[in-house]
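One structure below.
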There are 2 protein chains.
Amino acid sequence: MTRRTTPQPNRETLTRQRVLQAAVELANAGGLGALSMRKLGEAVGVEAMSLYNHVANKEDLLDGMVDLVFGEVALPAPGDDWRQAMRQRAISMRLVLSRHRWAIGLMESRSTPGPATLRHHDAVLGCLRRGGFSLTLTAHAVSVLDSYIYGFALQEKALPFDSPQETAELAESITSGFGDGEYPYLTEIATAHVMRPGYAYGDEFEFGLDLVLDGLQKAAG
Amino acid sequence: MTRRTTPQPNRETLTRQRVLQAAVELANAGGLGALSMRKLGEAVGVEAMSLYNHVANKEDLLDGMVDLVFGEVALPAPGDDWRQAMRQRAISMRLVLSRHRWAIGLMESRSTPGPATLRHHDAVLGCLRRGGFSLTLTAHAVSVLDSYIYGFALQEKALPFDSPQETAELAESITSGFGDGEYPYLTEIATAHVMRPGYAYGDEFEFGLDLVLDGLQKAAG
DNA sequence: CAAAGGGGCTTACGCCGTAAGTAGAGCACT
DNA sequence: AGTGCTCTACTTACGGCGTAAGCCCCTTTG
């Protein structure tokens with residue numbers, strides 16, 4: 001046994017990828033508030049300061065996390081009909097954003113997009129251009145589609161409940177707090193619509209999505 | 001001079017309103033990051049801990065700020081045509097959200113709405129119901145409209161520039177960073193569309209808004 | 001086998017939100 | 001007038017944050 005030690009067999013070398021993935025897992029589990037450099041270091045078995053060998057600073061870490069999330073979104077297949085492709089893209093994006101609820105709040109202010117983000121946007125633009133959209137209409141379409149998707153994800157995130165049952169409980173607690181006449185229409189929709197069995201806000205997504213796609217199809221002529 | 005001191009004539013008593021307004025001003029000036037209890041105390045001429053006489057904690061402070069912002073949005077007038085009223089409401093909301101860019105990032109996770117927020121939502125629901133919308137269609141309409149408005153505001157906030165000139169500069173710096181073939185459609189839209197004189201992303205808002213309103217009108221039959 | 005470089009660790013600084021305790025002024029009683 | 005309650009503001013302190021600066025030792029290379 002002249003060999004000193006094996007090259008740390010029990011601790012595989014840290015990489016940017018491993019750091020980013022651990023950060024995403026931390027954020028998934030406890031929200032962005034649970035993600036600190038110290039806790040992230042602990043999660044990957046390293047002191048906080050050692051993380052700075054792999055990320056420039058926390059901004060850079062967040063940028064990398066956002067790009068990782070974008071990488072999970074299914075790219076529109078080049079051969080597909082634009083409408084079909086955009087529909088699938090939107091649904092995939094919403095799925096990804098609901099898997100990583102912290103991400104939507106992070107896309108504000110992240111102004112240095114990573115490669116997966118750029119690839120995603122390029123694929124979306126290409127799908128529309130090849131589908132016959134003019135430059136101007138392509139810009140309109142991307143704006144309205146992304147606004148709708150992000151905005152829906154934002155609202156969905158703001159809801160502090162997941163199951164229909166929790167929804168009903170919250171709606172009841174809100175309406176019972178006021179006199180009947182104070183917010184009549186809120187009371188009406190809470191009692192007669194939201195509290196119906198089987199209600200789930202997420203089901204609203206496809207209604208708006210198809211509404212937007214219809215409008216774009218008409219505009220494309 | 002038997003009287004000890006006058007009852008502090010030069011310092012008007014602090015109120016929740018004054019605290020909230022100062023907090024909004026701080027956030028307007030320097031973003032949410034510039035808003036700390038210490039700085040807010042300094043702004044109103046008081047130590048940080050004294051603020052807790054008027055707000056329960058920072059969460060409560062943020063809740064109050066959001067409600068203050070909602071109070072700035074013009075309520076739909078009861079007599080108006082639903083489409084006209086919803087259009088004006090959307091434009092007013094976007095204007096308010098661009099005056100307070102920090103607010104959109106805050107509406108995530110604020111789950112205890114204040115009176116102005118409730119009044120706003122009740123007025124919107126009422127406008128649609130009186131316009132003949134069924135309960136289900138009203139829920140659809142609110143979802144798609146709010147998603148679009150918030151999502152647009154979110155994207156607008158993410159843009160790190162305000163003037164058309166800054167936009168062009170950024171677009172050029174992005175496209176020049178890659179080989180021509182890497183992101184062809186991004187390059188195309190950046191050079192041939194975004195960099196045109198007079199381009200401003202904000203102009204996209206009304207296209208999507210009218211698209212959504214058209215779709216709702218059709219759905220309302 | 002020595003030199004060099006790099007990944008990891010320790011320490012420290014100035015922020016943050018806020019719990020806990022204190023002081024003084026205004027008011028309502030006797 | 002005295003007594004005590006309440007309300008506002010201040011002070012101090014704690015644990016956590018991002019990260020700058022410096023050191024240490026292991027690995028690679030000549």
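By convention here, the chains of the structure tokens are called A, B, ... in the order presented, each chain's residues are numbered starting at 1, and ligands are numbered starting at 1 in the order presented.
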
Each residue of chain B lying at most 9 Å from chain C should get a row with its shortest atom-to-atom pair and the distance in Å to one decimal, counting only C-alpha atoms (C1' of nucleotides); could you produce that, ordered by chain and increasing number, as CSV?
residue,atom,partner,partner_atom,distance
B:Pro7,CA,C:DA25,C1',8.3
B:Ser36,CA,C:DC16,C1',7.6
B:Met37,CA,C:DG17,C1',7.7
B:Arg38,CA,C:DC16,C1',9.0
B:Met49,CA,C:DT18,C1',7.9
B:Asn57,CA,C:DT18,C1',8.2
B:Lys58,CA,C:DG17,C1',7.8

Shell around A:Leu159 at 8 Å using only C-alpha atoms (C1' of nucleotides), local window under 4 positions removed, as a PyMOL selection string: (chain A and resi 155) or (chain B and resi 109+111)

Do you have, as a Markdown table, the list of residues of chain D lying at most 8 Å from chain A, each with its nearest atom pair and that distance in Å to one decimal, counting only C-alpha atoms (C1' of nucleotides) and ordered by chain then number?
| residue | atom | partner | partner_atom | distance |
| --- | --- | --- | --- | --- |
| D:DC17 | C1' | A:Ser36 | CA | 7.6 |
| D:DG18 | C1' | A:Met37 | CA | 7.7 |
| D:DT19 | C1' | A:Met49 | CA | 7.9 |

Expected file contents, prior selection, N, CA, C and O atoms (P, O5', C5', C4', C3', O3' and C1' of nucleotides), as a short mmCIF file (atom, residue, chain, number, x, y, z; two decimals), in the first residue's frame:
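Heads up, here's the output in part_33.cif:
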data_model
loop_
_atom_site.label_atom_id
_atom_site.label_comp_id
_atom_site.auth_asym_id
_atom_site.auth_seq_id
_atom_site.Cartn_x
_atom_site.Cartn_y
_atom_site.Cartn_z
P DC D 17 -28.79 31.07 5.91
"O5'" DC D 17 -28.43 32.38 5.08
"C5'" DC D 17 -29.48 33.17 4.51
"C4'" DC D 17 -28.92 34.48 4.00
"C3'" DC D 17 -27.72 34.34 3.08
"O3'" DC D 17 -28.17 34.14 1.76
"C1'" DC D 17 -27.42 36.14 4.64
P DG D 18 -27.22 33.52 0.70
"O5'" DG D 18 -26.32 34.80 0.31
"C5'" DG D 18 -26.91 35.87 -0.41
"C4'" DG D 18 -25.84 36.88 -0.79
"C3'" DG D 18 -24.72 36.33 -1.68
"O3'" DG D 18 -24.31 37.34 -2.58
"C1'" DG D 18 -23.79 37.03 0.37
P DT D 19 -23.21 36.99 -3.72
"O5'" DT D 19 -21.81 37.26 -3.00
"C5'" DT D 19 -21.43 38.58 -2.67
"C4'" DT D 19 -20.16 38.57 -1.87
"C3'" DT D 19 -18.99 37.78 -2.50
"O3'" DT D 19 -17.81 38.56 -2.40
"C1'" DT D 19 -19.19 37.26 -0.28
#

Nearest residue to chain A from the set B:Gln217, B:Thr117, B:Ser176, B:Ser143 (distances using only C-alpha atoms): B:Ser143

Selected residue, from A:Gly221, A:Gly215, A:Gly198, A:Gly41, that lies nearest to chain B when counting only C-alpha atoms: A:Gly215

Chain A residues near chain B (6 Å cut-off, only C-alpha atoms) as a ChimeraX atom specification: /A:108-109,122,125-126,144,147-148,150-152,158,183,185-186,208,211,215
